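So this one's input17.csv, CSV, C-alpha atoms:
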```csv
chain,number,residue,atom,x,y,z
A,1,MET,CA,10.6,43.8,-11.4
A,2,SER,CA,12.2,41.7,-8.7
A,3,ALA,CA,15.5,40.0,-9.5
A,4,ALA,CA,13.9,36.6,-8.9
A,5,SER,CA,11.1,37.3,-11.3
A,6,TYR,CA,13.5,38.7,-13.9
A,7,LEU,CA,15.7,35.6,-13.7
A,8,GLU,CA,12.8,33.3,-14.1
A,9,LEU,CA,11.8,35.1,-17.3
A,10,PHE,CA,15.4,35.4,-18.4
A,11,ARG,CA,15.9,31.7,-18.1
A,12,GLU,CA,12.7,30.8,-19.9
A,13,VAL,CA,13.4,33.1,-22.8
A,14,GLY,CA,17.2,32.6,-22.9
A,15,GLU,CA,17.8,29.0,-22.0
A,16,PRO,CA,17.3,27.7,-25.6
A,17,TRP,CA,20.0,30.1,-26.7
A,18,LEU,CA,22.4,29.8,-23.8
A,19,TRP,CA,21.9,33.3,-22.5
A,20,TRP,CA,24.0,33.3,-19.4
A,21,GLY,CA,25.1,36.9,-18.8
A,22,ARG,CA,22.6,37.7,-16.0
A,23,LEU,CA,23.1,34.4,-14.3
A,24,THR,CA,26.6,35.5,-13.2
A,25,LEU,CA,25.3,38.4,-11.1
A,26,SER,CA,24.4,38.2,-7.5
A,27,GLU,CA,20.8,38.9,-6.6
A,28,SER,CA,21.7,42.3,-5.2
A,29,GLN,CA,23.8,43.2,-8.3
A,30,LEU,CA,21.0,42.2,-10.6
A,31,GLN,CA,18.4,44.1,-8.5
A,32,ALA,CA,20.6,47.2,-8.6
A,33,LEU,CA,20.9,46.9,-12.4
A,34,LEU,CA,17.1,46.5,-12.8
A,35,ASP,CA,16.4,49.4,-10.5
A,36,ALA,CA,19.0,51.7,-12.2
A,37,PRO,CA,17.4,54.8,-13.9
A,38,THR,CA,19.4,53.8,-17.0
A,39,THR,CA,17.7,50.4,-17.3
A,40,GLU,CA,14.4,50.0,-19.1
A,41,LEU,CA,12.5,46.8,-19.2
A,42,TYR,CA,9.7,46.2,-21.6
A,43,LEU,CA,7.4,43.2,-21.3
A,44,CYS,CA,5.4,41.6,-24.1
A,45,ARG,CA,2.1,40.2,-22.8
A,46,VAL,CA,-0.5,38.0,-24.5
A,47,ALA,CA,-3.8,37.7,-22.7
A,48,GLY,CA,-2.1,38.7,-19.5
A,49,GLU,CA,0.8,36.2,-19.7
A,50,VAL,CA,4.3,37.5,-20.2
A,51,ALA,CA,5.5,36.3,-23.6
A,52,GLY,CA,8.9,37.9,-23.7
A,53,PHE,CA,10.9,41.0,-22.9
A,54,ALA,CA,13.4,43.6,-24.0
A,55,GLU,CA,16.0,45.2,-21.9
A,56,LEU,CA,17.4,48.6,-22.8
A,57,ASP,CA,20.5,50.1,-21.3
A,58,ARG,CA,20.7,53.9,-21.5
A,59,ARG,CA,24.1,54.4,-19.7
A,60,ASP,CA,25.3,56.0,-22.9
A,61,ALA,CA,22.6,58.6,-23.6
A,62,THR,CA,23.6,58.9,-27.3
A,63,ALA,CA,23.7,55.2,-28.0
A,64,PRO,CA,21.3,53.1,-25.9
A,65,ARG,CA,21.9,49.4,-26.2
A,66,ILE,CA,19.3,46.6,-26.4
A,67,CYS,CA,20.9,44.1,-24.1
A,68,TYR,CA,18.3,41.3,-24.4
A,69,LEU,CA,15.3,40.9,-26.5
A,70,GLY,CA,13.4,37.6,-26.8
A,71,LEU,CA,10.3,35.6,-26.5
A,72,LYS,CA,9.4,32.4,-24.5
A,73,PRO,CA,9.5,29.4,-26.9
A,74,ALA,CA,5.7,29.0,-27.0
A,75,PHE,CA,5.3,32.5,-28.4
A,76,VAL,CA,8.0,32.4,-31.2
A,77,GLY,CA,6.6,32.6,-34.7
A,78,ARG,CA,3.5,34.7,-34.0
A,79,GLY,CA,4.9,38.1,-35.1
A,80,LEU,CA,5.3,39.2,-31.5
A,81,GLY,CA,9.0,39.8,-32.0
A,82,ASP,CA,8.2,42.5,-34.5
A,83,LEU,CA,5.9,44.2,-32.0
A,84,LEU,CA,8.4,43.9,-29.2
A,85,ILE,CA,11.4,45.3,-31.1
A,86,GLY,CA,9.2,48.0,-32.7
A,87,HIS,CA,8.1,49.2,-29.2
A,88,CYS,CA,11.6,49.0,-27.9
A,89,LEU,CA,13.0,51.0,-30.8
A,90,GLU,CA,10.3,53.6,-30.5
A,91,LYS,CA,11.2,54.1,-26.8
A,92,ALA,CA,15.0,54.0,-27.6
A,93,TRP,CA,15.0,56.8,-30.3
A,94,VAL,CA,14.6,59.7,-28.0
A,95,PRO,CA,17.0,62.7,-28.4
A,96,PRO,CA,19.9,63.0,-27.9
A,97,VAL,CA,20.1,59.4,-29.3
A,98,GLU,CA,22.3,59.1,-32.4
A,99,ARG,CA,22.2,55.3,-32.7
A,100,VAL,CA,20.8,52.2,-31.0
A,101,GLU,CA,23.1,49.3,-30.5
A,102,LEU,CA,22.4,45.6,-30.2
A,103,ASP,CA,24.6,42.6,-29.9
A,104,THR,CA,23.8,39.1,-31.2
A,105,CYS,CA,25.8,35.9,-31.7
A,106,ASP,CA,25.7,32.7,-33.6
A,107,TYR,CA,24.2,31.0,-30.6
A,108,ASP,CA,21.1,33.1,-31.0
A,109,HIS,CA,17.9,32.0,-32.9
A,110,PRO,CA,19.0,31.1,-36.5
A,111,ALA,CA,16.7,33.9,-37.8
A,112,ALA,CA,17.9,36.6,-35.3
A,113,LEU,CA,20.4,38.4,-37.5
A,114,ALA,CA,18.0,38.7,-40.5
A,115,PHE,CA,15.3,39.8,-38.0
A,116,TYR,CA,17.5,42.6,-36.7
A,117,GLN,CA,18.5,43.6,-40.2
A,118,ARG,CA,14.8,43.8,-41.2
A,119,HIS,CA,14.4,46.3,-38.3
A,120,GLY,CA,17.1,48.6,-39.5
A,121,PHE,CA,20.2,47.2,-37.8
A,122,HIS,CA,23.4,46.5,-39.7
A,123,ILE,CA,26.6,44.8,-38.8
A,124,VAL,CA,29.2,47.3,-37.7
A,125,ARG,CA,31.7,45.0,-35.9
A,126,GLU,CA,32.3,41.3,-35.6
A,127,GLU,CA,34.2,39.8,-32.7
A,128,THR,CA,35.3,36.4,-31.6
A,129,GLU,CA,34.7,35.7,-27.9
A,130,ILE,CA,35.7,32.5,-26.1
A,131,TRP,CA,33.7,31.7,-22.9
A,132,ASP,CA,33.0,28.6,-20.9
A,133,ASP,CA,29.9,26.7,-21.8
A,134,PRO,CA,27.4,27.8,-19.2
A,135,ARG,CA,26.1,24.2,-18.9
A,136,LEU,CA,29.5,22.8,-18.1
A,137,ILE,CA,30.1,25.3,-15.3
A,138,GLY,CA,26.7,24.9,-13.6
A,139,LEU,CA,25.0,28.1,-14.7
A,140,MET,CA,22.5,26.2,-16.8
A,141,PRO,CA,21.1,22.7,-17.0
A,142,MET,CA,22.7,20.3,-19.5
A,143,SER,CA,19.3,20.1,-21.2
A,144,ALA,CA,19.6,23.8,-22.3
A,145,ALA,CA,20.1,24.4,-26.0
A,146,PRO,CA,19.8,20.8,-27.1
A,147,HIS,CA,20.6,21.8,-30.7
A,148,ARG,CA,24.1,22.9,-29.6
A,149,PRO,CA,26.4,20.2,-28.2
A,150,PRO,CA,28.3,21.3,-25.1
A,151,ALA,CA,31.4,23.2,-26.0
A,152,HIS,CA,34.4,21.8,-24.2
A,153,THR,CA,37.1,24.4,-24.1
A,154,ASN,CA,40.8,24.0,-23.3
A,155,ARG,CA,41.6,27.6,-22.7
A,156,GLU,CA,43.9,28.7,-20.0
A,157,ASP,CA,42.9,31.4,-17.6
```
Would you mind writing the file's structure down as structure tokens?
Amino acid sequence: MSAASYLELFREVGEPWLWWGRLTLSESQLQALLDAPTTELYLCRVAGEVAGFAELDRRDATAPRICYLGLKPAFVGRGLGDLLIGHCLEKAWVPPVERVELDTCDYDHPAALAFYQRHGFHIVREETEIWDDPRLIGLMPMSAAPHRPPAHTNRED
């Protein structure tokens, strides 16, 4: 997948949840990541239309990490998330895998944690991260994640 196509999909799936991680990469950095033999991308399609995706990072052969997993807003609530994560986990659990990792946050879909727990994940670590609101630094439009007011930070770098 081209970096441009990936970013279009990433934005459509992630904008409601303020996904910004891939938006900080240059086009060449993102393309190198997508082309890496340790990156696997799974697309969920409905009647030929891409409904969502999962990105799996296999840099650690014993503990692959689901970096991103989500659906476009129009496809949420149809059971497609179960199919997508099921497929991703089936692909992930290949020896010598000992565990599959996944990160989420409180900015994710309100049902995300319960969804992941239903699929066998459990909390092993909690962290507090402070980052600039991607809307306020120009990575995303101010209309992104309207359910979350912009987070003005006063941190010093």
Check your understanding: What does the distance from CA of Tyr116 in chain A to CA of Leu89 in chain A come to in Å, to one decimal?
Key ->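 Straight-line distance from CA of Tyr116 in chain A to CA of Leu89 in chain A works out to 11.2 Å.
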Point to revise | Residue with smallest distance to Met140 in chain A - pool A:Thr38, A:Thr104, A:Thr24, A:Gln29, counting all atoms listed in the file | key: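 Looking at the shortest contact to Met140 in chain A, the residue is A:Thr24.
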Exercise for review: With a distance cut-off of 8 Å and only C-alpha atoms, select the neighbouring residues of Cys88 in chain A, excluding the residue or stretch itself and same-chain residues fewer than 6 positions from it, and output the selection as a ChimeraX atom specification.
Suggested key: /A:42,54,56
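Put simply, CA of Ser5 in chain A is 19.5 Å away from CA of Ile66 in chain A.
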Practice item. Could you check which of A:Leu80, A:Leu7, A:Glu27, A:Leu18 is closest to Ala151 in chain A, using only C-alpha atoms? Key: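 Under the stated criterion, the closest residue is A:Leu18.
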Practice item. For CA of Glu40 in chain A and CA of Asp57 in chain A, quote the distance in Å rounded to one decimal. Key: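 Interatomic distance, CA of Glu40 in chain A to CA of Asp57 in chain A: 6.5 Å.
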Exercise for review: Measuring atom to atom with only C-alpha atoms, identify which of A:Gly86, A:Gly120, A:Pro141, A:Pro149 is nearest to Glu101 in chain A.
Suggested key: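 Of A:Gly86, A:Gly120, A:Pro141, A:Pro149, the one nearest Glu101 in chain A is A:Gly120, counting only C-alpha atoms.
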Gly81 in chain A: which residues within 12 Å, counting all atoms listed in the file, same-chain residues fewer than 6 positions away excluded, as an mmCIF file with C-alpha atoms, keeping the file's coordinate frame?
```
data_model
loop_
_atom_site.group_PDB
_atom_site.id
_atom_site.type_symbol
_atom_site.label_atom_id
_atom_site.label_comp_id
_atom_site.auth_asym_id
_atom_site.auth_seq_id
_atom_site.Cartn_x
_atom_site.Cartn_y
_atom_site.Cartn_z
ATOM 1 C CA LEU A 43 7.400 43.200 -21.300
ATOM 2 C CA CYS A 44 5.400 41.600 -24.100
ATOM 3 C CA ARG A 45 2.100 40.200 -22.800
ATOM 4 C CA ALA A 51 5.500 36.300 -23.600
ATOM 5 C CA GLY A 52 8.900 37.900 -23.700
ATOM 6 C CA PHE A 53 10.900 41.000 -22.900
ATOM 7 C CA ALA A 54 13.400 43.600 -24.000
ATOM 8 C CA LEU A 69 15.300 40.900 -26.500
ATOM 9 C CA GLY A 70 13.400 37.600 -26.800
ATOM 10 C CA LEU A 71 10.300 35.600 -26.500
ATOM 11 C CA LYS A 72 9.400 32.400 -24.500
ATOM 12 C CA PRO A 73 9.500 29.400 -26.900
ATOM 13 C CA PHE A 75 5.300 32.500 -28.400
ATOM 14 C CA HIS A 87 8.100 49.200 -29.200
ATOM 15 C CA CYS A 88 11.600 49.000 -27.900
ATOM 16 C CA LEU A 89 13.000 51.000 -30.800
ATOM 17 C CA HIS A 109 17.900 32.000 -32.900
ATOM 18 C CA ALA A 111 16.700 33.900 -37.800
ATOM 19 C CA ALA A 112 17.900 36.600 -35.300
ATOM 20 C CA PHE A 115 15.300 39.800 -38.000
ATOM 21 C CA TYR A 116 17.500 42.600 -36.700
ATOM 22 C CA ARG A 118 14.800 43.800 -41.200
ATOM 23 C CA HIS A 119 14.400 46.300 -38.300
#
```
Exercise for review: Kindly indicate which residue among A:Ile123, A:Val97, A:Asp108, A:Glu55 lies nearest to Ile85 in chain A, using only C-alpha atoms for the distances.
Suggested key: A:Glu55
Exercise for review: May I have the residues within 12 Å of Ser26 in chain A as a PyMOL selection string, using only C-alpha atoms and disregarding those fewer than 4 positions away in the same chain?
Suggested key: chain A and resi 3-4+7+21-22+30-33
Point to revise | Spatial neighbours of Ala145 in chain A, 9 Å, all atoms listed in the file, chain gap at least 2 places, as a count of residues only | key: 10
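Around the point (25.5, 55.0, -21.5), within 12 Å and counting only C-alpha atoms, we find these residues: Ala36, Pro37, Thr38, Thr39, Leu56, Asp57, Arg58, Arg59, Asp60, Ala61, Thr62, Ala63, Pro64, Arg65, Ile66, Pro96, Val97, Arg99, Val100 and Glu101 of chain A.
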Prev. selection, C-alpha atoms, output as a JSON list (two decimals), keeping the file's coordinate frame:
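New file out13.json:
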```
[["chain", "number", "residue", "atom", "x", "y", "z"],
["A", 36, "ALA", "CA", 19.00, 51.70, -12.20],
["A", 37, "PRO", "CA", 17.40, 54.80, -13.90],
["A", 38, "THR", "CA", 19.40, 53.80, -17.00],
["A", 39, "THR", "CA", 17.70, 50.40, -17.30],
["A", 56, "LEU", "CA", 17.40, 48.60, -22.80],
["A", 57, "ASP", "CA", 20.50, 50.10, -21.30],
["A", 58, "ARG", "CA", 20.70, 53.90, -21.50],
["A", 59, "ARG", "CA", 24.10, 54.40, -19.70],
["A", 60, "ASP", "CA", 25.30, 56.00, -22.90],
["A", 61, "ALA", "CA", 22.60, 58.60, -23.60],
["A", 62, "THR", "CA", 23.60, 58.90, -27.30],
["A", 63, "ALA", "CA", 23.70, 55.20, -28.00],
["A", 64, "PRO", "CA", 21.30, 53.10, -25.90],
["A", 65, "ARG", "CA", 21.90, 49.40, -26.20],
["A", 66, "ILE", "CA", 19.30, 46.60, -26.40],
["A", 96, "PRO", "CA", 19.90, 63.00, -27.90],
["A", 97, "VAL", "CA", 20.10, 59.40, -29.30],
["A", 99, "ARG", "CA", 22.20, 55.30, -32.70],
["A", 100, "VAL", "CA", 20.80, 52.20, -31.00],
["A", 101, "GLU", "CA", 23.10, 49.30, -30.50]]
```
Check your understanding: Which is closer to Ile130 in chain A than all the others in A:Leu9, A:Ala144, A:Ala74, A:Cys105, using all atoms listed in the file?
Key ->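 Using all atoms listed in the file, Ile130 in chain A sits closest to A:Cys105.
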